[in-house]
>>> print(open('structure_39.cif').read())   # mmCIF, C-alpha atoms and all ligand atoms
data_work
loop_
_atom_site.label_atom_id
_atom_site.label_comp_id
_atom_site.auth_asym_id
_atom_site.auth_seq_id
_atom_site.Cartn_x
_atom_site.Cartn_y
_atom_site.Cartn_z
CA MET A 1 69.71 111.35 -128.96
CA SER A 2 69.92 110.24 -125.38
CA GLY A 3 68.18 112.06 -122.55
CA LYS A 4 64.63 112.81 -121.61
CA LEU A 5 62.15 114.90 -123.53
CA GLN A 6 61.74 118.30 -121.89
CA ILE A 7 58.94 120.47 -123.16
CA THR A 8 58.72 124.18 -122.41
CA ASP A 9 55.94 124.92 -124.93
CA VAL A 10 52.69 123.38 -123.62
CA ARG A 11 51.21 123.31 -127.14
CA LEU A 12 53.70 120.55 -127.92
CA GLU A 13 52.48 118.21 -125.19
CA PRO A 14 49.57 116.57 -127.09
CA ILE A 15 51.75 116.43 -130.21
CA ALA A 16 54.51 114.65 -128.30
CA GLU A 17 51.96 112.09 -127.08
CA LYS A 18 50.92 111.42 -130.67
CA VAL A 19 54.51 111.08 -131.86
CA LEU A 20 55.36 108.65 -129.06
CA ALA A 21 52.24 106.62 -129.92
CA ASN A 22 53.08 106.63 -133.66
CA THR A 23 49.87 108.51 -134.44
CA ARG A 24 49.69 110.63 -137.58
CA LEU A 25 49.96 114.39 -136.99
CA SER A 26 47.28 116.77 -138.27
CA PRO A 27 47.92 119.96 -140.27
CA GLU A 28 47.21 121.91 -137.05
CA ASP A 29 49.95 119.92 -135.31
CA GLY A 30 52.33 120.76 -138.15
CA LEU A 31 51.56 124.44 -137.76
CA ALA A 32 52.04 124.34 -133.98
CA LEU A 33 55.43 122.68 -134.49
CA PHE A 34 56.52 125.36 -136.97
CA GLN A 35 55.28 128.12 -134.65
CA SER A 36 56.98 126.74 -131.57
CA HIS A 37 60.17 128.30 -130.24
CA ASP A 38 60.90 125.10 -128.32
CA LEU A 39 63.37 123.94 -130.97
CA LEU A 40 64.97 121.33 -128.74
CA ALA A 41 61.65 119.61 -128.02
CA VAL A 42 60.68 119.64 -131.73
CA GLY A 43 64.14 118.29 -132.55
CA TRP A 44 63.96 115.63 -129.83
CA LEU A 45 60.69 114.33 -131.27
CA ALA A 46 62.03 114.30 -134.84
CA ASN A 47 65.17 112.56 -133.68
CA HIS A 48 63.06 109.96 -131.84
CA VAL A 49 61.30 109.07 -135.10
CA ARG A 50 64.57 109.15 -137.02
CA GLU A 51 66.25 106.76 -134.58
CA GLN A 52 63.26 104.40 -134.60
CA ARG A 53 63.67 104.08 -138.38
CA HIS A 54 67.41 104.32 -138.86
CA GLY A 55 69.15 103.97 -135.51
CA ASP A 56 72.53 105.70 -135.66
CA VAL A 57 73.00 105.29 -139.39
CA CYS A 58 73.53 108.28 -141.65
CA TYR A 59 73.69 107.73 -145.39
CA TYR A 60 75.65 109.52 -148.10
CA ASN A 61 76.43 108.75 -151.72
CA ILE A 62 79.16 109.28 -154.29
CA ASN A 63 77.48 111.25 -157.03
CA ARG A 64 78.09 113.84 -159.67
CA HIS A 65 75.74 116.67 -160.59
CA ILE A 66 75.51 117.48 -164.29
CA ASN A 67 73.56 120.52 -165.54
CA PRO A 68 73.41 120.20 -169.35
CA THR A 69 72.28 123.82 -169.91
CA ASN A 70 71.43 126.92 -167.93
CA VAL A 71 69.42 128.43 -170.78
CA CYS A 72 65.86 128.62 -169.57
CA VAL A 73 62.63 130.18 -170.77
CA ALA A 74 60.95 130.09 -167.36
CA HIS A 75 62.65 133.13 -165.73
CA CYS A 76 61.56 132.14 -162.21
CA LYS A 77 62.11 134.90 -159.66
CA LEU A 78 63.54 132.37 -157.21
CA CYS A 79 66.34 131.28 -159.52
CA ALA A 80 69.82 132.68 -160.20
CA PHE A 81 70.86 129.79 -162.47
CA GLY A 82 68.66 130.22 -165.57
CA ARG A 83 69.76 132.57 -168.39
CA SER A 84 68.30 133.87 -171.64
CA PRO A 85 70.10 132.32 -174.66
CA GLU A 86 72.08 135.51 -175.40
CA ALA A 87 72.86 136.44 -171.78
CA ALA A 88 76.41 136.51 -170.41
CA GLY A 89 77.28 133.14 -168.89
CA ALA A 90 74.66 131.18 -170.86
CA TYR A 91 75.96 127.71 -171.78
CA THR A 92 74.81 124.44 -173.31
CA PHE A 93 77.08 121.41 -173.13
CA SER A 94 77.56 119.15 -176.12
CA LEU A 95 76.86 115.48 -175.44
CA GLU A 96 80.63 114.82 -175.58
CA GLU A 97 81.19 117.41 -172.84
CA ILE A 98 78.57 115.70 -170.71
CA PHE A 99 80.09 112.26 -171.28
CA ALA A 100 83.52 113.64 -170.30
CA ARG A 101 82.10 114.94 -166.99
CA ALA A 102 80.40 111.61 -166.42
CA ARG A 103 83.64 109.73 -167.14
CA GLU A 104 85.40 111.84 -164.52
CA GLY A 105 82.57 111.01 -162.08
CA VAL A 106 82.92 107.28 -162.72
CA ALA A 107 86.67 107.49 -162.15
CA GLN A 108 85.85 108.97 -158.73
CA GLY A 109 83.47 106.09 -157.99
CA ALA A 110 80.11 107.78 -158.71
CA THR A 111 77.08 105.53 -158.39
CA GLU A 112 74.66 108.29 -159.45
CA PHE A 113 74.45 111.11 -161.97
CA HIS A 114 72.03 113.82 -160.86
CA ILE A 115 70.99 115.57 -164.08
CA VAL A 116 68.84 118.72 -164.21
CA GLY A 117 68.91 121.79 -166.40
CA GLY A 118 67.05 124.77 -167.79
CA LEU A 119 64.08 124.71 -170.17
CA HIS A 120 65.98 125.44 -173.39
CA PRO A 121 63.89 127.00 -176.18
CA ASP A 122 65.65 125.18 -179.05
CA LEU A 123 66.93 121.79 -177.87
CA PRO A 124 64.64 118.96 -179.02
CA PHE A 125 63.47 116.14 -176.71
CA ASP A 126 65.86 113.89 -178.67
CA TYR A 127 68.87 115.78 -177.26
CA TYR A 128 67.86 114.67 -173.77
CA LEU A 129 67.04 111.12 -174.87
CA ASP A 130 70.40 110.84 -176.68
CA LEU A 131 72.11 112.19 -173.56
CA ILE A 132 70.50 109.50 -171.40
CA ARG A 133 71.08 106.70 -173.93
CA GLY A 134 74.70 107.75 -174.33
CA LEU A 135 75.29 107.76 -170.57
CA LYS A 136 73.55 104.41 -170.08
CA GLN A 137 75.53 102.82 -172.87
CA ARG A 138 78.85 104.09 -171.54
CA PHE A 139 78.20 103.73 -167.80
CA PRO A 140 75.48 101.10 -167.36
CA GLN A 141 76.25 100.64 -163.67
CA VAL A 142 75.49 104.27 -162.77
CA HIS A 143 71.98 105.24 -161.65
CA LEU A 144 70.56 108.09 -163.77
CA LYS A 145 68.46 110.38 -161.57
CA ALA A 146 67.42 112.77 -164.29
CA PHE A 147 64.96 115.57 -165.06
CA THR A 148 62.50 117.10 -162.63
CA ALA A 149 58.73 117.10 -163.11
CA VAL A 150 59.13 120.63 -164.50
CA GLU A 151 61.42 119.38 -167.25
CA VAL A 152 59.17 116.38 -167.96
CA HIS A 153 56.22 118.75 -168.44
CA TYR A 154 58.29 120.91 -170.82
CA TYR A 155 59.48 117.93 -172.90
CA ALA A 156 55.88 116.68 -173.15
CA ARG A 157 54.85 120.05 -174.58
CA LEU A 158 57.85 120.14 -176.94
CA SER A 159 57.24 116.67 -178.29
CA LYS A 160 53.41 116.82 -178.16
CA LEU A 161 53.32 113.63 -176.11
CA SER A 162 51.30 112.89 -172.99
CA ILE A 163 53.11 113.06 -169.65
CA ARG A 164 52.89 109.29 -169.43
CA ASP A 165 54.40 108.72 -172.89
CA THR A 166 57.13 111.28 -172.21
CA LEU A 167 58.07 109.45 -169.02
CA LEU A 168 57.92 106.10 -170.80
CA LYS A 169 60.35 107.37 -173.45
CA MET A 170 62.69 108.66 -170.76
CA LYS A 171 62.52 105.34 -168.94
CA GLU A 172 63.12 103.40 -172.14
CA ALA A 173 66.19 105.57 -172.83
CA GLY A 174 67.62 104.74 -169.39
CA VAL A 175 66.31 107.20 -166.79
CA ASP A 176 66.20 105.32 -163.46
CA SER A 177 64.47 107.89 -161.23
CA LEU A 178 63.52 111.57 -161.04
CA PRO A 179 65.13 114.15 -158.75
CA GLY A 180 62.82 116.15 -156.50
CA GLY A 181 63.33 119.69 -157.82
CA GLY A 182 60.72 122.14 -159.03
CA ALA A 183 58.22 121.42 -156.26
CA GLU A 184 59.00 124.76 -154.54
CA ILE A 185 55.80 125.45 -152.54
CA PHE A 186 52.70 123.93 -154.12
CA HIS A 187 50.28 126.70 -153.13
CA PRO A 188 49.28 128.83 -156.20
CA ARG A 189 49.64 132.13 -154.28
CA VAL A 190 53.33 131.42 -153.74
CA ARG A 191 53.98 130.04 -157.23
CA ARG A 192 52.51 133.21 -158.77
CA ILE A 193 55.22 135.21 -156.99
CA ILE A 194 58.30 132.99 -157.14
CA CYS A 195 57.86 130.91 -160.31
CA ASP A 196 54.96 132.26 -162.30
CA HIS A 197 55.51 130.23 -165.48
CA LYS A 198 56.37 126.91 -163.87
CA VAL A 199 53.98 123.92 -163.76
CA SER A 200 51.32 124.17 -161.07
CA GLY A 201 51.76 122.31 -157.80
CA GLN A 202 48.91 120.04 -158.83
CA MET A 203 50.66 119.17 -162.10
CA TRP A 204 53.98 118.57 -160.29
CA LEU A 205 52.20 116.03 -158.07
CA GLN A 206 50.41 114.45 -161.02
CA ILE A 207 53.72 113.96 -162.85
CA ALA A 208 55.22 112.36 -159.74
CA ARG A 209 52.20 110.02 -159.51
CA THR A 210 52.47 109.09 -163.18
CA ALA A 211 56.20 108.42 -162.81
CA HIS A 212 55.48 106.14 -159.85
CA GLU A 213 52.74 104.34 -161.80
CA ILE A 214 55.18 103.40 -164.57
CA GLY A 215 57.77 102.20 -162.06
CA LEU A 216 60.03 105.24 -161.75
CA ARG A 217 60.79 106.30 -158.18
CA SER A 218 61.33 109.98 -157.43
CA ASN A 219 62.36 112.45 -154.76
CA ALA A 220 60.45 115.44 -153.44
CA THR A 221 61.62 118.87 -152.28
CA MET A 222 60.22 121.97 -150.61
CA LEU A 223 61.83 125.38 -151.13
CA PHE A 224 61.38 127.29 -147.88
CA GLY A 225 62.28 130.68 -146.46
CA HIS A 226 60.99 133.19 -149.06
CA VAL A 227 57.40 134.48 -149.30
CA GLU A 228 55.51 131.42 -148.10
CA THR A 229 53.50 131.30 -144.87
CA LEU A 230 53.91 128.48 -142.35
CA GLU A 231 50.40 127.28 -143.32
CA GLU A 232 51.60 126.98 -146.93
CA ARG A 233 54.59 124.89 -145.82
CA VAL A 234 52.25 122.57 -143.91
CA ASP A 235 49.93 122.35 -146.93
CA HIS A 236 52.94 121.35 -149.07
CA LEU A 237 53.96 118.58 -146.67
CA VAL A 238 50.39 117.26 -146.36
CA ARG A 239 49.99 117.05 -150.15
CA LEU A 240 53.23 115.10 -150.41
CA ARG A 241 52.11 112.79 -147.61
CA GLU A 242 48.77 112.14 -149.37
CA THR A 243 50.55 111.34 -152.63
CA GLN A 244 52.96 109.01 -150.87
CA ASP A 245 50.01 107.21 -149.24
CA ARG A 246 48.72 106.48 -152.73
CA THR A 247 51.92 105.53 -154.57
CA HIS A 248 54.74 104.84 -152.09
CA GLY A 249 56.99 106.04 -154.91
CA PHE A 250 58.91 108.82 -153.18
CA VAL A 251 62.36 107.81 -152.01
CA ALA A 252 63.57 110.88 -150.11
CA PHE A 253 62.45 114.35 -149.10
CA ILE A 254 64.85 117.29 -149.30
CA PRO A 255 63.89 120.60 -147.65
CA LEU A 256 65.73 123.29 -149.66
CA GLU A 257 66.62 126.55 -147.97
CA PHE A 258 66.13 129.61 -150.19
CA HIS A 259 69.28 131.51 -151.25
CA PRO A 260 68.23 135.01 -152.35
CA ALA A 261 71.48 136.42 -153.86
CA ASN A 262 71.32 137.24 -157.60
CA THR A 263 67.64 136.22 -157.83
CA GLY A 264 64.54 138.31 -158.48
CA LEU A 265 63.92 138.04 -154.72
CA ALA A 266 67.33 139.33 -153.64
CA HIS A 267 65.68 141.84 -151.30
CA LEU A 268 64.51 138.99 -149.02
CA PRO A 269 66.60 138.07 -145.98
CA LYS A 270 68.30 134.67 -145.86
CA PRO A 271 66.48 132.02 -143.78
CA THR A 272 68.06 131.45 -140.37
CA GLY A 273 69.77 128.30 -139.07
CA ILE A 274 66.94 127.82 -136.58
CA ASP A 275 64.38 127.85 -139.40
CA ALA A 276 66.41 125.29 -141.36
CA LEU A 277 66.66 122.91 -138.38
CA LYS A 278 63.00 123.31 -137.48
CA THR A 279 61.91 122.70 -141.07
CA ILE A 280 63.92 119.49 -141.22
CA ALA A 281 62.44 118.35 -137.90
CA VAL A 282 58.84 119.18 -138.86
CA SER A 283 59.31 117.46 -142.22
CA ARG A 284 60.41 114.28 -140.44
CA LEU A 285 57.39 114.46 -138.11
CA MET A 286 54.75 115.27 -140.74
CA LEU A 287 56.10 112.98 -143.49
CA ASP A 288 55.56 109.78 -141.53
CA ASN A 289 55.48 107.75 -144.76
CA PHE A 290 58.85 108.97 -146.11
CA ASP A 291 61.84 106.86 -145.13
CA HIS A 292 64.57 109.36 -145.87
CA ILE A 293 65.02 113.05 -145.07
CA LYS A 294 68.13 114.63 -146.58
CA ALA A 295 70.18 117.42 -145.07
CA TYR A 296 71.64 118.69 -148.36
CA TRP A 297 74.97 120.06 -147.15
CA ILE A 298 75.51 122.28 -150.21
CA MET A 299 72.48 124.32 -149.28
CA LEU A 300 72.61 124.09 -145.48
CA THR A 301 76.40 124.33 -145.08
CA PRO A 302 78.24 121.26 -143.76
CA ARG A 303 77.98 122.65 -140.19
CA ILE A 304 74.19 123.00 -140.11
CA ALA A 305 73.78 119.75 -142.07
CA GLN A 306 75.75 117.98 -139.35
CA ILE A 307 73.47 119.34 -136.64
CA ALA A 308 70.44 118.38 -138.73
CA LEU A 309 71.47 114.73 -138.23
CA GLY A 310 70.15 115.16 -134.66
CA PHE A 311 66.95 116.88 -135.85
CA GLY A 312 65.40 114.21 -138.08
CA ALA A 313 67.70 113.97 -141.10
CA ASN A 314 69.33 110.64 -141.94
CA ASP A 315 71.25 111.51 -145.10
CA LEU A 316 73.81 114.17 -146.10
CA ASP A 317 73.36 113.64 -149.87
CA GLY A 318 76.51 113.25 -151.91
CA THR A 319 79.94 114.36 -153.06
CA VAL A 320 78.27 116.51 -155.80
CA VAL A 321 81.60 117.82 -157.30
CA GLU A 322 80.17 120.59 -159.50
CA GLU A 323 77.20 122.67 -158.29
CA LYS A 324 75.70 125.63 -160.10
CA ILE A 325 72.15 126.29 -158.83
CA TYR A 326 73.13 127.29 -155.28
CA HIS A 327 76.49 128.80 -156.17
CA ASP A 328 74.90 131.12 -158.74
CA ALA A 329 72.63 132.18 -155.86
CA GLY A 330 75.55 133.09 -153.61
CA ALA A 331 76.27 129.83 -151.75
CA THR A 332 79.67 129.98 -150.05
CA THR A 333 79.89 126.24 -149.38
CA PRO A 334 82.38 124.13 -151.34
CA GLU A 335 81.06 122.36 -154.46
CA HIS A 336 82.68 119.08 -153.55
CA LEU A 337 83.20 117.04 -150.39
CA THR A 338 85.16 113.82 -150.57
CA ARG A 339 83.92 110.55 -149.10
CA ALA A 340 86.40 110.97 -146.24
CA GLU A 341 85.09 114.46 -145.47
CA LEU A 342 81.46 113.32 -145.50
CA GLU A 343 82.31 110.40 -143.23
CA ARG A 344 84.19 112.68 -140.85
CA LEU A 345 81.21 115.04 -140.59
CA ILE A 346 78.87 112.12 -139.92
CA ARG A 347 81.12 110.49 -137.32
CA ALA A 348 81.62 113.80 -135.53
CA ALA A 349 77.82 114.03 -135.23
CA GLY A 350 77.82 110.67 -133.43
CA ARG A 351 76.39 108.76 -136.38
CA VAL A 352 77.61 105.81 -138.39
CA PRO A 353 78.34 106.64 -142.05
CA ILE A 354 76.99 104.24 -144.64
CA GLU A 355 77.51 104.70 -148.35
CA ARG A 356 74.30 104.09 -150.29
CA ASP A 357 73.19 104.08 -153.90
CA THR A 358 70.28 106.25 -155.06
CA LEU A 359 67.66 103.76 -153.83
CA TYR A 360 69.40 103.28 -150.46
CA ASN A 361 70.99 99.92 -151.11
CA ARG A 362 74.23 99.83 -149.17
CA VAL A 363 77.37 100.08 -151.30
CA ASP A 364 80.27 97.89 -150.22
CA ARG A 365 83.63 98.79 -151.70
CA SER A 366 85.66 96.52 -149.46
CA THR A 367 85.98 93.66 -151.95
CA THR A 368 86.40 95.55 -155.20
CA LEU A 369 88.55 98.62 -154.97
CA PRO A 370 88.52 100.62 -158.21
CA ALA A 371 91.54 99.45 -160.18
CA SER A 372 91.06 101.68 -163.18
CA PRO A 373 88.70 104.40 -164.24
CA SER A 374 87.56 102.34 -167.24
CA PRO A 375 83.96 103.23 -168.02
CA ARG A 376 83.15 99.54 -168.39
CA ALA A 377 84.56 98.61 -165.00
CA SER A 378 82.22 98.30 -162.05
CA GLY A 379 83.56 101.55 -160.65
CA GLY A 380 84.51 99.53 -157.59
CA PHE A 381 81.08 99.17 -156.10
CA LEU A 382 78.46 96.53 -155.70
CA PRO A 383 75.27 96.78 -153.70
CA ALA A 384 76.00 95.21 -150.32
CA SER A 385 72.95 93.00 -150.81
CA SER A 386 74.76 91.24 -153.64
CA LEU A 387 77.86 90.57 -151.58
CA THR A 388 76.74 89.52 -148.15
CA ALA A 389 74.27 87.02 -146.85
O1 LIG B 1 64.17 122.95 -158.12
C1 LIG B 1 66.60 127.05 -157.30
C2 LIG B 1 65.91 125.07 -155.90
C3 LIG B 1 66.16 123.02 -156.79
C4 LIG B 1 67.27 128.37 -155.76
O2 LIG B 1 66.36 114.97 -155.67
C5 LIG B 1 66.91 127.16 -155.20
O3 LIG B 1 68.08 114.21 -154.59
C6 LIG B 1 67.46 127.92 -153.15
O4 LIG B 1 66.03 119.86 -156.45
N1 LIG B 1 67.82 129.11 -153.61
C7 LIG B 1 67.20 122.12 -157.41
N2 LIG B 1 66.99 126.92 -153.90
C8 LIG B 1 67.92 121.27 -156.37
C9 LIG B 1 67.18 120.00 -156.10
C10 LIG B 1 67.86 118.88 -155.42
C11 LIG B 1 69.04 119.10 -154.73
C12 LIG B 1 69.67 118.00 -154.12
C13 LIG B 1 69.15 116.73 -154.21
C14 LIG B 1 67.97 116.53 -154.92
C15 LIG B 1 67.42 115.15 -155.06
C16 LIG B 1 67.31 117.61 -155.52
O5 LIG B 1 66.84 124.05 -156.16
C17 LIG B 1 65.19 123.73 -157.68
C18 LIG B 1 64.68 124.80 -156.76
O6 LIG B 1 63.70 124.31 -155.92
N3 LIG B 1 66.48 126.38 -156.18
N4 LIG B 1 67.10 128.28 -157.08
C19 LIG B 1 67.74 129.39 -154.91
N5 LIG B 1 68.07 130.60 -155.35
#
>>> encode(input="structure_39.cif", output="structure tokens")
Amino acid sequence: MSGKLQITDVRLEPIAEKVLANTRLSPEDGLALFQSHDLLAVGWLANHVREQRHGDVCYYNINRHINPTNVCVAHCKLCAFGRSPEAAGAYTFSLEEIFARAREGVAQGATEFHIVGGLHPDLPFDYYLDLIRGLKQRFPQVHLKAFTAVEVHYYARLSKLSIRDTLLKMKEAGVDSLPGGGAEIFHPRVRRIICDHKVSGQMWLQIARTAHEIGLRSNATMLFGHVETLEERVDHLVRLRETQDRTHGFVAFIPLEFHPANTGLAHLPKPTGIDALKTIAVSRLMLDNFDHIKAYWIMLTPRIAQIALGFGANDLDGTVVEEKIYHDAGATTPEHLTRAELERLIRAAGRVPIERDTLYNRVDRSTTLPASPSPRASGGFLPASSLTA
């Protein structure tokens, strides 16, 4: 962002000095940023940090979301996706149905399958391992970003294995990294209200640490805009920052805006666009040890996601194709954006679109255009690092 920093909120002045001197912000600074109505100054600072790290680049990827089942025993108030086994709309895909969706994704050039689902009362751990093995065998070139810490905890209980051994089995089967879901807000007061039966925040962080220890990278999220206080948001960010200091295993942070429709919290108002932009900016400023902050367009809308690229975000996430979690909760965004549409949004925001894989290696399709959708073909992509000097 060109132009000078103009501050109208004097509480931001010492914080701006710290940001410009690359000094870590305190929890009190985080709170002052959230409380400030000087959105443009907060955004300017976040954009300053973003441009120091990434210049004008904005990443996106070609991916496909796959949700194997929406049957879930957790019944979280925040969620409109999970169903009881007998409820209308409950589904569980067979492995063949999942492979067919994956094949379609590969034909469209997907470099990543993002796989998350409900906590099914009857499916054994082997169903999930067979799913991963089957995908890896058929599409070895595609990164499998599969199963949140919440699912890992559930499979460990199901199979009576330790968290570490559960993760090792997943890795052995072909899981490449973990998505960032299920983090919500770590504070127990909030979890008691929005997701009473889910793993604790402490356990979520421990599972992320264990995953990092065995060489699996993972993402992190924060669900904002429901019953949490601003102090609880700051606490969430600080705990993630502390964990990242120890492991350096988090790849990206995704602030997730709460969608209340059809959930047990449907009486709550929707978060505002200002809150979404400020949360992205504060995340960039507090998470000084995270490289990537995603503006997940499905949840923000493409319009707000575009603006977020000037407020600290450096990634729009992917093409997605089929999305259930937000659309069950009333999202009116499309479920799919093409590469051309993502690139257009990024260019119109004054940024340079770069296709990436899950771990932010650049993907260069210029030399190998997809000739056929054969599952064994490269899918037309190679990491740029393998093509150019
Ligand atoms: O864990 C559920 C959230 C998450 C609602 O890792 C809701 O790259 C809003 O984690 N309103 C799943 N949010 C999505 C997720 C994600 C998305 C994109 C990229 C990545 C990544 C991860 O969605 C859940 C929960 O926190 N969620 N219900 C709702 N009604």
>>> closest_residue(input="structure_39.cif", among="A:Asp196, A:Glu112, A:Asp291, A:Glu213", to="Gly318 in chain A", atoms="all atoms listed in the file")
A:Glu112
>>> residues_around(input="structure_39.cif", residues="Leu31 in chain A", least_positions_apart="6", cutoff="12 Å", atoms="only C-alpha atoms", output="VMD selection string")
chain A and resid 11 to 12 15 25 42 229 to 238 278 to 279 282 to 283 285 to 286
>>> residues_near_ligand(input="structure_39.cif", ligand="ligand LIG 1 (chain B)", cutoff="6 Å", atoms="all atoms listed in the file", output="PyMOL selection string")
chain A and resi 78-80+179-182+184+219+223+256-260+325-326+329
>>> closest_atom_pairs(input="structure_39.cif", of="range 139-235 of chain A", to="range 352-364 of chain A", cutoff="10 Å", atoms="only C-alpha atoms", output="CSV")
residue,atom,partner,partner_atom,distance
A:Val142,CA,A:Asp357,CA,9.2
A:His143,CA,A:Thr358,CA,6.9
A:Leu144,CA,A:Thr358,CA,8.9
A:Lys145,CA,A:Thr358,CA,7.9
A:Asp176,CA,A:Thr358,CA,9.4
A:Ser177,CA,A:Thr358,CA,8.6
A:Arg217,CA,A:Leu359,CA,8.5
A:Ser218,CA,A:Leu359,CA,9.6
>>> closest_atom_pairs(input="structure_39.cif", of="range 225-293 of chain A", to="range 55-64 of chain A", cutoff="12 Å", atoms="all atoms listed in the file", output="Markdown table")
| residue | atom | partner | partner_atom | distance |
| --- | --- | --- | --- | --- |
| A:Ala252 | CA | A:Tyr59 | CA | 11.6 |
| A:Asp291 | CA | A:Tyr59 | CA | 11.9 |
| A:His292 | CA | A:Tyr59 | CA | 9.3 |
| A:Ile293 | CA | A:Tyr59 | CA | 10.2 |
>>> decode(input="structure_39.cif", residues="range 129-135 of chain A", atoms="all heavy atoms", output="PDB file, in the first residue's frame")
ATOM      1  N   LEU A 129      -8.021 -44.646   7.015  1.00  0.00           N
ATOM      2  CA  LEU A 129      -6.691 -45.025   6.511  1.00  0.00           C
ATOM      3  C   LEU A 129      -6.811 -45.575   5.087  1.00  0.00           C
ATOM      4  O   LEU A 129      -5.978 -45.253   4.216  1.00  0.00           O
ATOM      5  CB  LEU A 129      -6.037 -46.047   7.446  1.00  0.00           C
ATOM      6  CG  LEU A 129      -5.714 -45.537   8.857  1.00  0.00           C
ATOM      7  CD1 LEU A 129      -5.133 -46.667   9.717  1.00  0.00           C
ATOM      8  CD2 LEU A 129      -4.731 -44.363   8.815  1.00  0.00           C
ATOM      9  N   ASP A 130      -7.860 -46.368   4.833  1.00  0.00           N
ATOM     10  CA  ASP A 130      -8.062 -46.908   3.474  1.00  0.00           C
ATOM     11  C   ASP A 130      -8.345 -45.774   2.492  1.00  0.00           C
ATOM     12  O   ASP A 130      -7.890 -45.794   1.343  1.00  0.00           O
ATOM     13  CB  ASP A 130      -9.222 -47.907   3.448  1.00  0.00           C
ATOM     14  CG  ASP A 130      -8.865 -49.207   4.160  1.00  0.00           C
ATOM     15  OD1 ASP A 130      -7.658 -49.440   4.403  1.00  0.00           O
ATOM     16  OD2 ASP A 130      -9.788 -49.978   4.498  1.00  0.00           O
ATOM     17  N   LEU A 131      -9.094 -44.781   2.970  1.00  0.00           N
ATOM     18  CA  LEU A 131      -9.403 -43.613   2.126  1.00  0.00           C
ATOM     19  C   LEU A 131      -8.087 -42.912   1.705  1.00  0.00           C
ATOM     20  O   LEU A 131      -7.864 -42.610   0.528  1.00  0.00           O
ATOM     21  CB  LEU A 131     -10.281 -42.679   2.964  1.00  0.00           C
ATOM     22  CG  LEU A 131     -10.892 -41.404   2.436  1.00  0.00           C
ATOM     23  CD1 LEU A 131     -11.931 -40.925   3.451  1.00  0.00           C
ATOM     24  CD2 LEU A 131      -9.937 -40.311   2.167  1.00  0.00           C
ATOM     25  N   ILE A 132      -7.234 -42.701   2.687  1.00  0.00           N
ATOM     26  CA  ILE A 132      -5.972 -41.999   2.399  1.00  0.00           C
ATOM     27  C   ILE A 132      -5.078 -42.861   1.504  1.00  0.00           C
ATOM     28  O   ILE A 132      -4.533 -42.381   0.499  1.00  0.00           O
ATOM     29  CB  ILE A 132      -5.251 -41.640   3.730  1.00  0.00           C
ATOM     30  CG1 ILE A 132      -6.076 -40.609   4.512  1.00  0.00           C
ATOM     31  CG2 ILE A 132      -3.825 -41.144   3.496  1.00  0.00           C
ATOM     32  CD1 ILE A 132      -6.242 -39.267   3.843  1.00  0.00           C
ATOM     33  N   ARG A 133      -4.944 -44.140   1.855  1.00  0.00           N
ATOM     34  CA  ARG A 133      -4.100 -45.035   1.028  1.00  0.00           C
ATOM     35  C   ARG A 133      -4.613 -45.078  -0.403  1.00  0.00           C
ATOM     36  O   ARG A 133      -3.843 -45.006  -1.359  1.00  0.00           O
ATOM     37  CB  ARG A 133      -4.124 -46.462   1.599  1.00  0.00           C
ATOM     38  CG  ARG A 133      -3.146 -46.658   2.723  1.00  0.00           C
ATOM     39  CD  ARG A 133      -3.009 -48.145   3.069  1.00  0.00           C
ATOM     40  NE  ARG A 133      -2.703 -48.251   4.480  1.00  0.00           N
ATOM     41  CZ  ARG A 133      -3.569 -48.584   5.428  1.00  0.00           C
ATOM     42  NH1 ARG A 133      -4.816 -48.921   5.121  1.00  0.00           N
ATOM     43  NH2 ARG A 133      -3.212 -48.606   6.688  1.00  0.00           N
ATOM     44  N   GLY A 134      -5.922 -45.194  -0.531  1.00  0.00           N
ATOM     45  CA  GLY A 134      -6.532 -45.278  -1.871  1.00  0.00           C
ATOM     46  C   GLY A 134      -6.272 -44.017  -2.683  1.00  0.00           C
ATOM     47  O   GLY A 134      -5.980 -44.083  -3.880  1.00  0.00           O
ATOM     48  N   LEU A 135      -6.374 -42.859  -2.026  1.00  0.00           N
ATOM     49  CA  LEU A 135      -6.119 -41.599  -2.746  1.00  0.00           C
ATOM     50  C   LEU A 135      -4.647 -41.507  -3.135  1.00  0.00           C
ATOM     51  O   LEU A 135      -4.305 -41.107  -4.257  1.00  0.00           O
ATOM     52  CB  LEU A 135      -6.502 -40.393  -1.877  1.00  0.00           C
ATOM     53  CG  LEU A 135      -7.994 -40.124  -1.692  1.00  0.00           C
ATOM     54  CD1 LEU A 135      -8.212 -38.988  -0.693  1.00  0.00           C
ATOM     55  CD2 LEU A 135      -8.665 -39.780  -3.027  1.00  0.00           C
TER      56      LEU A 135
END
